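A.B. asks: Next comes the structure file work.csv, holding CSV, C-alpha atoms.
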```
chain,number,residue,atom,x,y,z
A,1,MET,CA,-27.7,3.0,7.3
A,2,THR,CA,-28.9,5.6,4.8
A,3,THR,CA,-27.9,9.3,5.0
A,4,SER,CA,-28.9,12.3,2.9
A,5,GLN,CA,-25.4,13.7,2.7
A,6,SER,CA,-23.4,13.7,-0.5
A,7,TRP,CA,-19.6,13.6,-0.6
A,8,ALA,CA,-17.0,14.3,-3.2
A,9,VAL,CA,-13.5,12.7,-2.9
A,10,VAL,CA,-10.8,14.4,-4.9
A,11,GLY,CA,-8.1,12.0,-5.8
A,12,CYS,CA,-8.3,8.4,-7.1
A,13,GLY,CA,-5.1,6.9,-5.7
A,14,LEU,CA,-5.2,4.2,-3.1
A,15,VAL,CA,-6.1,6.6,-0.3
A,16,GLY,CA,-8.9,8.3,-2.2
A,17,ALA,CA,-10.3,5.1,-3.5
A,18,ALA,CA,-10.3,3.5,0.0
A,19,ILE,CA,-12.1,6.6,1.5
A,20,ALA,CA,-14.7,6.7,-1.3
A,21,LEU,CA,-15.5,3.0,-0.8
A,22,ARG,CA,-15.8,3.3,3.0
A,23,LEU,CA,-18.1,6.4,2.7
A,24,GLN,CA,-20.3,4.8,0.1
A,25,ALA,CA,-20.6,1.6,2.1
A,26,ALA,CA,-21.6,3.7,5.1
A,27,GLY,CA,-24.6,5.0,3.3
A,28,PHE,CA,-23.4,8.3,1.8
A,29,GLN,CA,-23.7,9.2,-1.9
A,30,VAL,CA,-20.2,9.6,-3.1
A,31,VAL,CA,-18.6,11.0,-6.2
A,32,LEU,CA,-14.9,10.1,-6.7
A,33,ILE,CA,-13.0,12.5,-9.0
A,34,ASP,CA,-10.3,10.8,-11.0
A,35,ARG,CA,-7.8,12.6,-13.1
A,36,GLY,CA,-7.5,9.5,-15.2
A,37,GLU,CA,-3.7,9.1,-15.2
A,38,PRO,CA,-3.0,6.2,-12.9
A,39,ARG,CA,0.8,6.1,-13.6
A,40,ARG,CA,1.1,9.7,-12.4
A,41,GLY,CA,0.9,9.0,-8.7
A,42,ALA,CA,2.7,6.9,-6.1
A,43,SER,CA,-0.2,4.5,-6.0
A,44,PHE,CA,0.9,3.0,-9.3
A,45,GLY,CA,4.6,2.2,-9.1
A,46,ASN,CA,5.4,1.7,-5.4
A,47,ILE,CA,6.9,-1.5,-4.1
A,48,GLY,CA,3.6,-2.7,-2.6
A,49,HIS,CA,4.9,-3.1,1.0
A,50,ILE,CA,2.5,-3.0,3.9
A,51,ALA,CA,5.0,-1.4,6.2
A,52,ALA,CA,3.7,-2.0,9.8
A,53,GLU,CA,7.3,-1.8,11.0
A,54,GLN,CA,8.0,1.8,9.9
A,55,CYS,CA,7.3,3.5,13.3
A,56,GLU,CA,10.4,5.6,13.3
A,57,PRO,CA,9.8,9.1,11.8
A,58,MET,CA,12.2,10.2,9.1
A,59,PRO,CA,12.9,13.6,10.8
A,60,SER,CA,15.5,12.7,13.5
A,61,PRO,CA,19.0,13.5,14.6
A,62,ALA,CA,20.1,10.1,13.1
A,63,THR,CA,18.7,11.0,9.7
A,64,LEU,CA,20.5,14.4,9.7
A,65,LYS,CA,23.7,12.7,10.6
A,66,SER,CA,23.6,10.2,7.8
A,67,ALA,CA,22.1,12.5,5.1
A,68,VAL,CA,25.4,13.6,3.4
A,69,GLY,CA,26.6,10.1,2.9
A,70,ARG,CA,23.3,9.1,1.3
A,71,LEU,CA,23.3,11.8,-1.4
A,72,PHE,CA,22.9,10.7,-5.0
A,73,ALA,CA,26.1,12.5,-5.9
A,74,PHE,CA,28.0,10.0,-3.7
A,75,GLY,CA,26.1,7.0,-5.0
A,76,GLY,CA,23.2,7.1,-2.5
A,77,PRO,CA,19.4,7.3,-3.0
A,78,LEU,CA,18.9,10.9,-1.8
A,79,ASP,CA,18.7,13.8,-4.2
A,80,PHE,CA,17.5,17.4,-4.2
A,81,ARG,CA,16.7,18.9,-7.6
A,82,ALA,CA,18.7,22.1,-7.7
A,83,ARG,CA,16.2,24.0,-9.9
A,84,ASP,CA,13.5,23.3,-7.3
A,85,VAL,CA,15.2,24.8,-4.3
A,86,GLY,CA,12.3,27.2,-3.9
A,87,LEU,CA,10.1,24.2,-3.2
A,88,TRP,CA,12.3,22.1,-1.0
A,89,GLY,CA,14.2,24.9,0.8
A,90,PRO,CA,11.4,26.1,3.0
A,91,TRP,CA,10.2,22.5,3.4
A,92,ALA,CA,13.7,21.5,4.7
A,93,LEU,CA,13.6,24.2,7.4
A,94,ARG,CA,10.5,22.7,8.8
A,95,PHE,CA,12.0,19.2,8.5
A,96,LEU,CA,14.9,20.4,10.6
A,97,ALA,CA,12.5,21.6,13.3
A,98,ALA,CA,10.7,18.2,13.2
A,99,SER,CA,14.1,16.5,13.7
A,100,ARG,CA,14.6,17.7,17.2
A,101,PRO,CA,14.6,14.8,19.7
A,102,THR,CA,11.3,15.8,21.4
A,103,ALA,CA,9.5,16.3,18.1
A,104,ALA,CA,10.9,13.0,16.7
A,105,ALA,CA,9.7,11.2,19.8
A,106,HIS,CA,6.2,12.7,19.4
A,107,GLY,CA,6.2,11.7,15.7
A,108,ALA,CA,7.1,8.1,16.6
A,109,GLU,CA,4.2,7.9,19.0
A,110,LEU,CA,1.7,9.1,16.4
A,111,LEU,CA,3.1,6.7,13.8
A,112,ALA,CA,2.8,3.8,16.2
A,113,ARG,CA,-0.9,4.6,16.7
A,114,LEU,CA,-1.5,4.9,13.0
A,115,LEU,CA,0.3,1.6,12.3
A,116,GLN,CA,-1.4,-0.4,15.0
A,117,ASP,CA,-3.2,-2.8,12.6
A,118,PRO,CA,-2.7,-2.0,8.9
A,119,LEU,CA,-3.1,-5.6,7.8
A,120,GLY,CA,-6.4,-5.9,9.7
A,121,ALA,CA,-7.7,-2.7,8.2
A,122,TRP,CA,-6.8,-3.9,4.7
A,123,GLY,CA,-8.6,-7.2,5.4
A,124,ARG,CA,-11.7,-5.3,6.4
A,125,LEU,CA,-11.6,-3.0,3.4
A,126,THR,CA,-11.0,-5.8,0.8
A,127,ALA,CA,-13.9,-7.8,2.3
A,128,LEU,CA,-16.1,-4.7,2.0
A,129,ALA,CA,-15.1,-4.4,-1.7
A,130,GLU,CA,-15.7,-8.2,-2.2
A,131,ALA,CA,-12.3,-8.3,-3.7
A,132,PRO,CA,-10.7,-11.6,-4.8
A,133,GLU,CA,-8.5,-13.4,-2.4
A,134,GLY,CA,-4.8,-13.0,-2.6
A,135,LEU,CA,-4.7,-9.2,-3.1
A,136,ILE,CA,-3.3,-8.7,0.4
A,137,ARG,CA,-0.5,-11.1,1.4
A,138,PRO,CA,0.5,-11.1,5.1
A,139,THR,CA,3.8,-12.8,4.2
A,140,GLY,CA,6.2,-10.5,6.0
A,141,HIS,CA,9.4,-9.3,4.4
A,142,ALA,CA,13.2,-9.6,4.6
A,143,VAL,CA,16.0,-7.1,5.1
A,144,VAL,CA,19.4,-8.3,4.0
A,145,TRP,CA,23.0,-7.0,4.0
A,146,SER,CA,25.9,-7.8,1.7
A,147,THR,CA,28.8,-7.6,4.2
A,148,PRO,CA,29.3,-8.5,7.9
A,149,GLU,CA,30.0,-4.8,8.7
A,150,ALA,CA,26.8,-3.6,7.0
A,151,ALA,CA,24.9,-6.4,8.9
A,152,ARG,CA,26.4,-5.3,12.2
A,153,ARG,CA,25.3,-1.7,11.8
A,154,GLY,CA,22.0,-2.6,10.3
A,155,LEU,CA,21.0,-5.1,13.0
A,156,GLN,CA,22.1,-2.7,15.7
A,157,ALA,CA,19.8,0.0,14.2
A,158,TRP,CA,16.8,-2.3,13.9
A,159,ARG,CA,17.2,-3.6,17.5
A,160,ALA,CA,17.1,0.0,18.7
A,161,ALA,CA,14.1,1.0,16.4
A,162,ARG,CA,10.4,1.0,17.2
A,163,THR,CA,8.7,-1.5,15.0
A,164,GLY,CA,5.2,-1.4,16.4
A,165,SER,CA,3.2,-4.6,15.9
A,166,ALA,CA,5.8,-6.0,13.6
A,167,THR,CA,8.5,-8.3,14.9
A,168,PHE,CA,11.7,-9.7,13.4
A,169,ARG,CA,14.2,-12.5,13.9
A,170,PRO,CA,17.7,-13.0,12.5
A,171,MET,CA,17.7,-15.1,9.4
A,172,GLU,CA,19.1,-18.6,9.6
A,173,ALA,CA,21.3,-20.3,7.1
A,174,ASP,CA,18.3,-21.9,5.4
A,175,ASP,CA,16.6,-18.5,5.0
A,176,LEU,CA,19.7,-17.1,3.3
A,177,ALA,CA,20.2,-20.2,1.2
A,178,ALA,CA,16.8,-19.4,-0.5
A,179,TYR,CA,18.7,-16.7,-2.4
A,180,ASP,CA,21.1,-19.1,-4.0
A,181,GLY,CA,20.5,-19.2,-7.7
A,182,VAL,CA,18.6,-15.9,-7.5
A,183,LEU,CA,21.6,-13.7,-6.5
A,184,ALA,CA,25.1,-14.0,-7.7
A,185,VAL,CA,26.3,-14.0,-4.0
A,186,ARG,CA,24.2,-15.1,-1.0
A,187,PRO,CA,23.5,-12.2,1.5
A,188,SER,CA,25.9,-12.0,4.4
A,189,SER,CA,23.1,-11.7,6.9
A,190,GLY,CA,19.5,-10.6,7.2
A,191,ILE,CA,16.4,-10.3,9.4
A,192,ARG,CA,12.9,-11.7,8.6
A,193,PHE,CA,9.9,-9.7,9.6
A,194,SER,CA,6.5,-10.9,10.7
A,195,GLY,CA,3.4,-8.7,10.9
A,196,THR,CA,4.1,-7.0,7.6
A,197,GLY,CA,2.9,-7.8,4.1
A,198,GLN,CA,2.6,-6.9,0.5
A,199,VAL,CA,0.0,-6.6,-2.2
A,200,SER,CA,-0.4,-8.7,-5.4
A,201,GLU,CA,0.2,-5.4,-7.3
A,202,PRO,CA,-0.8,-1.9,-6.2
A,203,GLN,CA,-2.8,-1.1,-9.3
A,204,ARG,CA,-4.8,-4.3,-9.0
A,205,VAL,CA,-5.7,-3.4,-5.4
A,206,ARG,CA,-6.9,0.1,-6.5
A,207,ASP,CA,-9.0,-1.4,-9.3
A,208,ALA,CA,-10.6,-3.8,-6.9
A,209,LEU,CA,-11.5,-1.0,-4.5
A,210,LEU,CA,-13.1,1.0,-7.4
A,211,ARG,CA,-15.1,-2.0,-8.6
A,212,GLY,CA,-16.4,-2.4,-5.0
A,213,PHE,CA,-17.2,1.3,-4.8
A,214,GLN,CA,-19.1,1.3,-8.1
A,215,ARG,CA,-21.0,-1.9,-7.2
A,216,LEU,CA,-22.3,-0.1,-4.1
A,217,GLY,CA,-23.6,2.8,-6.3
A,218,GLY,CA,-20.6,5.1,-6.2
A,219,ARG,CA,-20.0,7.4,-9.1
A,220,VAL,CA,-16.6,8.1,-10.8
A,221,VAL,CA,-16.1,11.4,-12.6
A,222,HIS,CA,-13.0,12.0,-14.7
A,223,GLY,CA,-11.4,15.4,-14.7
A,224,ASP,CA,-8.6,17.6,-13.4
A,225,VAL,CA,-9.7,19.5,-10.3
A,226,THR,CA,-8.7,23.2,-10.3
A,227,ALA,CA,-10.4,24.4,-7.1
A,228,VAL,CA,-12.3,23.3,-4.0
A,229,ARG,CA,-14.6,26.0,-2.7
A,230,PRO,CA,-16.8,26.3,0.4
A,231,VAL,CA,-20.4,27.3,-0.5
A,232,ALA,CA,-22.5,28.2,2.5
A,233,GLU,CA,-22.4,25.0,4.7
A,234,ALA,CA,-21.5,22.8,1.7
A,235,ALA,CA,-18.8,22.8,-1.0
A,236,GLU,CA,-18.1,22.6,-4.7
A,237,VAL,CA,-15.3,21.1,-6.8
A,238,VAL,CA,-14.4,22.9,-10.0
A,239,LEU,CA,-13.0,20.9,-12.9
A,240,ALA,CA,-10.6,22.2,-15.6
A,241,ASP,CA,-13.4,21.9,-18.2
A,242,GLY,CA,-15.6,24.3,-16.2
A,243,ALA,CA,-17.9,21.5,-14.8
A,244,VAL,CA,-18.8,21.8,-11.1
A,245,VAL,CA,-19.5,19.0,-8.7
A,246,ASP,CA,-21.6,20.1,-5.8
A,247,ALA,CA,-21.5,18.1,-2.5
A,248,ASP,CA,-22.3,18.5,1.2
A,249,LYS,CA,-18.8,17.5,2.1
A,250,VAL,CA,-15.5,17.2,0.2
A,251,VAL,CA,-12.3,15.2,0.9
A,252,VAL,CA,-9.1,16.4,-0.6
A,253,ALA,CA,-6.9,13.3,-1.2
A,254,ALA,CA,-4.9,14.4,-4.2
A,255,GLY,CA,-1.5,13.2,-3.0
A,256,ALA,CA,1.4,15.4,-3.9
A,257,TRP,CA,-0.9,17.9,-5.7
A,258,SER,CA,-3.1,18.6,-2.6
A,259,ALA,CA,-1.2,21.7,-1.6
A,260,ARG,CA,-2.4,23.7,-4.6
A,261,LEU,CA,-6.0,22.9,-3.7
A,262,MET,CA,-5.6,23.9,0.0
A,263,ALA,CA,-3.7,27.2,-0.6
A,264,PRO,CA,-6.8,29.2,-1.8
A,265,LEU,CA,-8.6,28.0,1.4
A,266,GLY,CA,-6.0,29.9,3.5
A,267,VAL,CA,-3.9,26.8,4.4
A,268,ARG,CA,-0.2,26.9,3.7
A,269,VAL,CA,0.9,23.2,3.4
A,270,PRO,CA,4.6,22.3,3.6
A,271,LEU,CA,4.1,19.4,1.1
A,272,ILE,CA,6.8,18.2,-1.2
A,273,GLY,CA,6.8,15.7,-4.1
A,274,GLU,CA,9.3,13.1,-2.8
A,275,ARG,CA,9.7,11.0,-5.9
A,276,GLY,CA,10.6,7.4,-6.1
A,277,TYR,CA,11.7,5.4,-9.1
A,278,SER,CA,11.0,1.8,-10.0
A,279,VAL,CA,11.6,-0.7,-12.8
A,280,GLN,CA,9.6,-3.8,-13.6
A,281,SER,CA,10.4,-6.9,-15.6
A,282,ALA,CA,7.9,-9.6,-16.8
A,283,ALA,CA,10.9,-11.9,-17.3
A,284,HIS,CA,12.6,-13.0,-14.0
A,285,ASP,CA,13.4,-16.0,-11.9
A,286,TRP,CA,12.4,-14.7,-8.5
A,287,PRO,CA,10.7,-17.6,-6.7
A,288,GLU,CA,7.1,-17.1,-5.6
A,289,ASP,CA,7.8,-18.0,-2.0
A,290,LEU,CA,10.8,-15.5,-1.7
A,291,PRO,CA,9.5,-12.5,0.2
A,292,LEU,CA,9.8,-8.8,-0.6
A,293,THR,CA,13.4,-8.1,0.1
A,294,VAL,CA,15.1,-4.9,1.1
A,295,PHE,CA,18.8,-4.8,0.2
A,296,GLU,CA,19.4,-2.2,2.9
A,297,ASP,CA,23.0,-1.3,2.1
A,298,ARG,CA,22.0,-0.6,-1.5
A,299,ALA,CA,18.7,1.2,-0.6
A,300,LEU,CA,16.9,-1.1,-2.9
A,301,ALA,CA,13.7,-3.1,-2.5
A,302,VAL,CA,12.7,-6.0,-4.7
A,303,ALA,CA,9.2,-7.6,-4.8
A,304,ARG,CA,7.5,-10.1,-7.1
A,305,PHE,CA,4.1,-9.1,-8.3
A,306,ASP,CA,1.5,-10.9,-10.4
A,307,GLY,CA,2.7,-8.9,-13.4
A,308,GLY,CA,6.5,-9.3,-12.9
A,309,LEU,CA,9.4,-8.4,-10.7
A,310,ARG,CA,9.7,-4.8,-9.5
A,311,ALA,CA,12.7,-3.0,-8.0
A,312,SER,CA,12.4,0.4,-6.4
A,313,SER,CA,14.7,3.1,-4.9
A,314,HIS,CA,15.4,6.8,-4.6
A,315,VAL,CA,14.2,9.8,-2.6
A,316,GLU,CA,14.2,12.8,-4.9
A,317,PHE,CA,12.8,16.1,-3.7
A,318,GLY,CA,11.3,18.7,-6.1
A,319,ASP,CA,8.5,19.4,-8.4
A,320,PRO,CA,6.1,16.4,-8.5
A,321,SER,CA,5.4,17.0,-12.2
A,322,ALA,CA,9.0,17.4,-13.4
A,323,ALA,CA,10.5,15.1,-16.1
A,324,PRO,CA,12.1,12.0,-14.6
A,325,ASP,CA,15.8,11.7,-14.2
A,326,PRO,CA,16.9,8.7,-16.3
A,327,ARG,CA,20.1,8.3,-14.2
A,328,LYS,CA,17.9,7.0,-11.3
A,329,TRP,CA,16.6,4.1,-13.4
A,330,ARG,CA,20.1,3.3,-14.6
A,331,HIS,CA,21.3,3.3,-11.0
A,332,ILE,CA,18.6,0.8,-10.0
A,333,GLU,CA,19.3,-1.4,-13.0
A,334,ALA,CA,23.1,-1.4,-12.2
A,335,HIS,CA,22.3,-2.6,-8.7
A,336,LEU,CA,20.2,-5.4,-10.1
A,337,LYS,CA,23.0,-6.4,-12.4
A,338,ALA,CA,25.5,-6.4,-9.6
A,339,LEU,CA,23.3,-8.6,-7.5
A,340,GLY,CA,22.8,-11.0,-10.4
A,341,VAL,CA,19.0,-10.6,-10.5
A,342,VAL,CA,17.5,-11.8,-13.8
A,343,PHE,CA,15.8,-8.8,-15.3
A,344,ALA,CA,14.7,-7.4,-18.7
A,345,ASP,CA,17.2,-5.3,-20.6
A,346,THR,CA,14.4,-2.8,-21.4
A,347,PRO,CA,12.1,-2.9,-18.3
A,348,ASP,CA,9.0,-0.8,-17.7
A,349,ARG,CA,10.3,2.3,-16.0
A,350,TRP,CA,8.2,4.5,-13.6
A,351,CYS,CA,8.7,7.6,-11.5
A,352,GLY,CA,6.1,9.1,-9.2
A,353,PRO,CA,5.9,11.5,-6.2
A,354,ARG,CA,5.2,10.4,-2.6
A,355,PRO,CA,3.2,13.2,-0.9
A,356,THR,CA,5.4,14.2,2.0
A,357,LEU,CA,4.8,16.7,4.7
A,358,ALA,CA,7.8,18.2,6.6
A,359,ASP,CA,7.2,16.1,9.7
A,360,TYR,CA,6.6,12.9,7.8
A,361,LEU,CA,3.1,12.5,9.3
A,362,PRO,CA,-0.1,12.6,7.2
A,363,ALA,CA,-2.7,15.3,7.4
A,364,ILE,CA,-6.1,13.8,8.3
A,365,GLY,CA,-9.0,15.9,9.4
A,366,ARG,CA,-11.3,18.7,8.4
A,367,LEU,CA,-10.7,22.4,8.1
A,368,GLN,CA,-11.5,24.5,11.2
A,369,ALA,CA,-12.4,27.4,9.0
A,370,HIS,CA,-14.4,25.4,6.5
A,371,PRO,CA,-15.9,22.3,8.2
A,372,ALA,CA,-17.4,20.9,5.0
A,373,ILE,CA,-13.9,20.4,3.6
A,374,HIS,CA,-12.0,17.3,4.8
A,375,TYR,CA,-8.5,16.1,3.8
A,376,ALA,CA,-6.3,13.0,3.8
A,377,PHE,CA,-2.9,13.4,2.2
A,378,GLY,CA,0.8,13.5,3.1
A,379,HIS,CA,1.3,9.8,3.7
A,380,GLN,CA,4.9,9.8,2.4
A,381,HIS,CA,6.1,6.2,2.0
A,382,LEU,CA,3.1,4.8,3.9
A,383,GLY,CA,0.3,5.7,1.5
A,384,LEU,CA,-0.5,2.1,0.6
A,385,THR,CA,0.2,0.9,4.2
A,386,LEU,CA,-2.2,3.4,5.7
A,387,ALA,CA,-4.9,3.8,3.0
A,388,ALA,CA,-7.3,1.4,4.6
A,389,SER,CA,-6.8,2.8,8.2
A,390,THR,CA,-7.2,6.3,6.9
A,391,ALA,CA,-10.5,5.4,5.3
A,392,GLU,CA,-11.8,4.1,8.6
A,393,ILE,CA,-10.8,7.3,10.3
A,394,LEU,CA,-12.7,9.4,7.6
A,395,GLU,CA,-15.7,7.1,7.9
A,396,GLN,CA,-15.9,7.7,11.6
A,397,MET,CA,-15.7,11.5,11.1
A,398,ALA,CA,-18.4,11.4,8.5
A,399,LEU,CA,-20.7,9.5,10.8
A,400,GLY,CA,-20.1,12.0,13.6
A,401,ARG,CA,-18.5,9.6,16.0
A,402,PRO,CA,-16.0,10.7,18.6
A,403,ALA,CA,-12.4,10.6,17.4
A,404,PRO,CA,-9.4,9.7,19.5
A,405,VAL,CA,-7.8,12.7,21.0
A,406,TRP,CA,-4.4,11.9,19.4
A,407,LEU,CA,-5.9,12.5,15.9
A,408,ASP,CA,-5.9,16.2,16.6
A,409,ALA,CA,-2.1,16.2,16.2
A,410,LEU,CA,-2.7,15.2,12.5
A,411,ARG,CA,-4.7,18.3,11.6
A,412,ILE,CA,-3.2,20.4,8.8
A,413,GLU,CA,-3.5,23.5,11.0
A,414,ARG,CA,-0.5,22.2,13.0
A,415,PHE,CA,1.7,23.9,10.4
A,416,ASN,CA,0.0,27.3,11.0
```
Kindly return the structure encoded in the file as structure tokens.
C.D. replies:
Amino acid sequence: MTTSQSWAVVGCGLVGAAIALRLQAAGFQVVLIDRGEPRRGASFGNIGHIAAEQCEPMPSPATLKSAVGRLFAFGGPLDFRARDVGLWGPWALRFLAASRPTAAAHGAELLARLLQDPLGAWGRLTALAEAPEGLIRPTGHAVVWSTPEAARRGLQAWRAARTGSATFRPMEADDLAAYDGVLAVRPSSGIRFSGTGQVSEPQRVRDALLRGFQRLGGRVVHGDVTAVRPVAEAAEVVLADGAVVDADKVVVAAGAWSARLMAPLGVRVPLIGERGYSVQSAAHDWPEDLPLTVFEDRALAVARFDGGLRASSHVEFGDPSAAPDPRKWRHIEAHLKALGVVFADTPDRWCGPRPTLADYLPAIGRLQAHPAIHYAFGHQHLGLTLAASTAEILEQMALGRPAPVWLDALRIERFN
């Protein structure tokens, strides 16, 4: 199929790269605008988990009940930057509204629809990119606990949770024995998921999508976007150096920095930079066949990538561009040491913001007031998981095909 429409995609993380590839393959002429700082966003340093099981929305009565005990001040992963209260304060009020039981149930229904087949969507996308095999690994993952009491509470919570297409089983003695020699002490108990997966390394996946996009004739422009403007029935993207990219249609997929581009268009977006921290070591002894493992009572995830072993934790609300808090890295490294995980003394440290809307649902659609401007951001912890599925949704919109009615609930105007 060949079309005469041109598209500009603002944002070169996994979501933006996936959308650009899908649109280019569908016959559109696409320009992908890349700020050129891959380490800046969540697509670089995340744990690489394809989280088909995460159908429970974060806003809920249970989350509110456990929040105080999970604060960083008490040794937990949750932190609110005091100097950024002007950012997360109004956002938190909307979060509270989304935590009502009826709202939480609605959010869970939408997440279950979005998470129907993320592995399948990724398989289709990497095939389109002609990516090398092994980038997407449907290996499942493990959740483990260090004490019987933590295991009892954790297993009870998972049995009551919605996990969508993913399933799990209690780990047997042989499963737990696989951690002997890797950890100082074998986990007390755990569960093993099927229907989930991980990637070989997030940045390698993004690079493969970009190669596929350019092979199909897509163009990458490097620059910092300062504005997206409607122009008659089309749009333009303004760069910091004064250059302008004209297009029939635009997709805003700039992650945690999307709100500043939407505000001049009359859209108030309750988007926060929910920062995560990770450390990576080239030296390790984590076996290749040991899955991505969540140490749930430590709020720590560990995964082996082609480039080394990565550990990730923390949920820090505030300015997405603020300087990192070194205490968070030290906290992760202390957990690794306590677990007995072989790790470099001076690992590669990373911090990046997950783009999170107050109801923990992404914004996917096009502006009612400016139909030439589309958007796809706010994927919180599920950016990598949902990148391929989001790209398929945008492709169907671009081709003018009917969308499922439930997608209307993801319009950004829901916050107006």
A.B. asks: List the neighbours of Arg35 in chain A out to 9 Å using only C-alpha atoms; skip same-chain residues closer than 6 positions along the sequence, and give me the result as a ChimeraX atom specification.
C.D. replies: /A:10-12,221-225
A.B. asks: Mind checking which residues fall within 10 Å of Asp297 in chain A, counting all atoms listed in the file, ignoring those fewer than 2 positions away in the same chain, and posting them as a PyMOL selection string?
C.D. replies: chain A and resi 76+143-147+150-151+153-154+294-295+299-300
A.B. asks: Just the residues within 9 Å of Gly308 in chain A, please, counting all atoms listed in the file, with nothing from its chain fewer than 4 positions along; format it as a PDB file with C-alpha atoms, in the frame of the given file.
C.D. replies:
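Resulting contents of result-v6.pdb:
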```
ATOM      1  CA  GLN A 280       9.600  -3.800 -13.600  1.00  0.00           C
ATOM      2  CA  SER A 281      10.400  -6.900 -15.600  1.00  0.00           C
ATOM      3  CA  ALA A 282       7.900  -9.600 -16.800  1.00  0.00           C
ATOM      4  CA  ALA A 283      10.900 -11.900 -17.300  1.00  0.00           C
ATOM      5  CA  HIS A 284      12.600 -13.000 -14.000  1.00  0.00           C
ATOM      6  CA  ALA A 303       9.200  -7.600  -4.800  1.00  0.00           C
ATOM      7  CA  ARG A 304       7.500 -10.100  -7.100  1.00  0.00           C
TER       8      ARG A 304
END
```
A.B. asks: If you measure from CA of Leu128 in chain A to CA of Lys249 in chain A, what distance in Å do you get, rounded to one decimal?
C.D. replies: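 Computing it gives 22.4 Å between the two atoms.
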A.B. asks: Taking into account all atoms listed in the file, which residue in the set A:Lys337, A:Arg366, A:Arg268, A:Arg94 is nearest to Ala311 in chain A?
C.D. replies: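 Result for the nearest residue to Ala311 in chain A: A:Lys337.
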A.B. asks: Please determine, counting only C-alpha atoms, which residue among A:Ala142, A:Ala17, A:Val237, A:Ile373 has the shortest atom-to-atom distance to Arg192 in chain A.
C.D. replies: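 Selected residue with least distance to Arg192 in chain A: A:Ala142.
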A.B. asks: So how many Å separate CA of Phe28 in chain A and CA of Val267 in chain A, to one decimal?
C.D. replies: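 Here the two named atoms are 27.0 Å from each other.
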A.B. asks: Near range 383-388 of chain A, counting all atoms listed in the file, which residues have an atom at most 9 Å away, once you skip same-chain residues fewer than 4 positions from it, shown as a PyMOL selection string?
C.D. replies: chain A and resi 14-19+22+42-43+46+48-52+114-115+118-126+198+202+255+354-355+362+377-379+392-393
A.B. asks: Given all atoms listed in the file as the basis, pick out the residue of A:Ala26, A:Ala358, A:Ala161, A:Leu292 nearest to Ala62 in chain A.
C.D. replies: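 Checking each of A:Ala26, A:Ala358, A:Ala161, A:Leu292 against Ala62 in chain A, counting all atoms listed in the file, the winner is A:Ala161.
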A.B. asks: Counting only C-alpha atoms, which residues sit no farther than 12 Å from the position (26.4, -12.7, -2.6) in the file's frame? I'd like them as an MDAnalysis selection string.
C.D. replies: chainID A and resid 144:148 176:189 295 338:341
A.B. asks: Do you have the CA of Ala234 in chain A-CA of Asp246 in chain A distance handy?
C.D. replies: 8.0 Å
A.B. asks: When distances are computed from all atoms listed in the file, which of A:Ala103, A:Leu357, A:Ala20, A:Ala8 shows the smallest separation from Trp88 in chain A?
C.D. replies: A:Leu357
A.B. asks: Quick one: of A:Pro38, A:Leu210, A:Leu111, A:Phe305, who's nearest to Gly134 in chain A, counting only C-alpha atoms?
C.D. replies: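 Counting only C-alpha atoms, the residue closest to Gly134 in chain A is A:Phe305.
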A.B. asks: My list of candidates is A:Val244, A:Ala82, A:Ala227, A:Leu407. Which is closest to Leu261 in chain A when distances are computed with only C-alpha atoms?
C.D. replies: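 For Leu261 in chain A, the nearest of the given residues is A:Ala227.
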A.B. asks: Please list as a ChimeraX atom specification every residue within 12 Å of Leu110 in chain A, counting all atoms listed in the file and excluding residues in the same chain fewer than 4 positions away.
C.D. replies: /A:54-57,103-106,114-116,162,164,359-363,404-410
A.B. asks: Pull the neighbourhood of (-16.3, 1.6, -2.0) for me: all residues within 7 Å in file coordinates, counting all atoms listed in the file, as a PDB file with C-alpha atoms, in the coordinates of the input.
C.D. replies:
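New file part-v6.pdb:
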```pdb
ATOM      1  CA  ALA A  18     -10.300   3.500   0.000  1.00  0.00           C
ATOM      2  CA  ALA A  20     -14.700   6.700  -1.300  1.00  0.00           C
ATOM      3  CA  LEU A  21     -15.500   3.000  -0.800  1.00  0.00           C
ATOM      4  CA  ARG A  22     -15.800   3.300   3.000  1.00  0.00           C
ATOM      5  CA  LEU A  23     -18.100   6.400   2.700  1.00  0.00           C
ATOM      6  CA  GLN A  24     -20.300   4.800   0.100  1.00  0.00           C
ATOM      7  CA  ALA A  25     -20.600   1.600   2.100  1.00  0.00           C
ATOM      8  CA  ALA A 129     -15.100  -4.400  -1.700  1.00  0.00           C
ATOM      9  CA  LEU A 209     -11.500  -1.000  -4.500  1.00  0.00           C
ATOM     10  CA  LEU A 210     -13.100   1.000  -7.400  1.00  0.00           C
ATOM     11  CA  GLY A 212     -16.400  -2.400  -5.000  1.00  0.00           C
ATOM     12  CA  PHE A 213     -17.200   1.300  -4.800  1.00  0.00           C
ATOM     13  CA  GLN A 214     -19.100   1.300  -8.100  1.00  0.00           C
ATOM     14  CA  LEU A 216     -22.300  -0.100  -4.100  1.00  0.00           C
ATOM     15  CA  GLY A 218     -20.600   5.100  -6.200  1.00  0.00           C
TER      16      GLY A 218
END
```
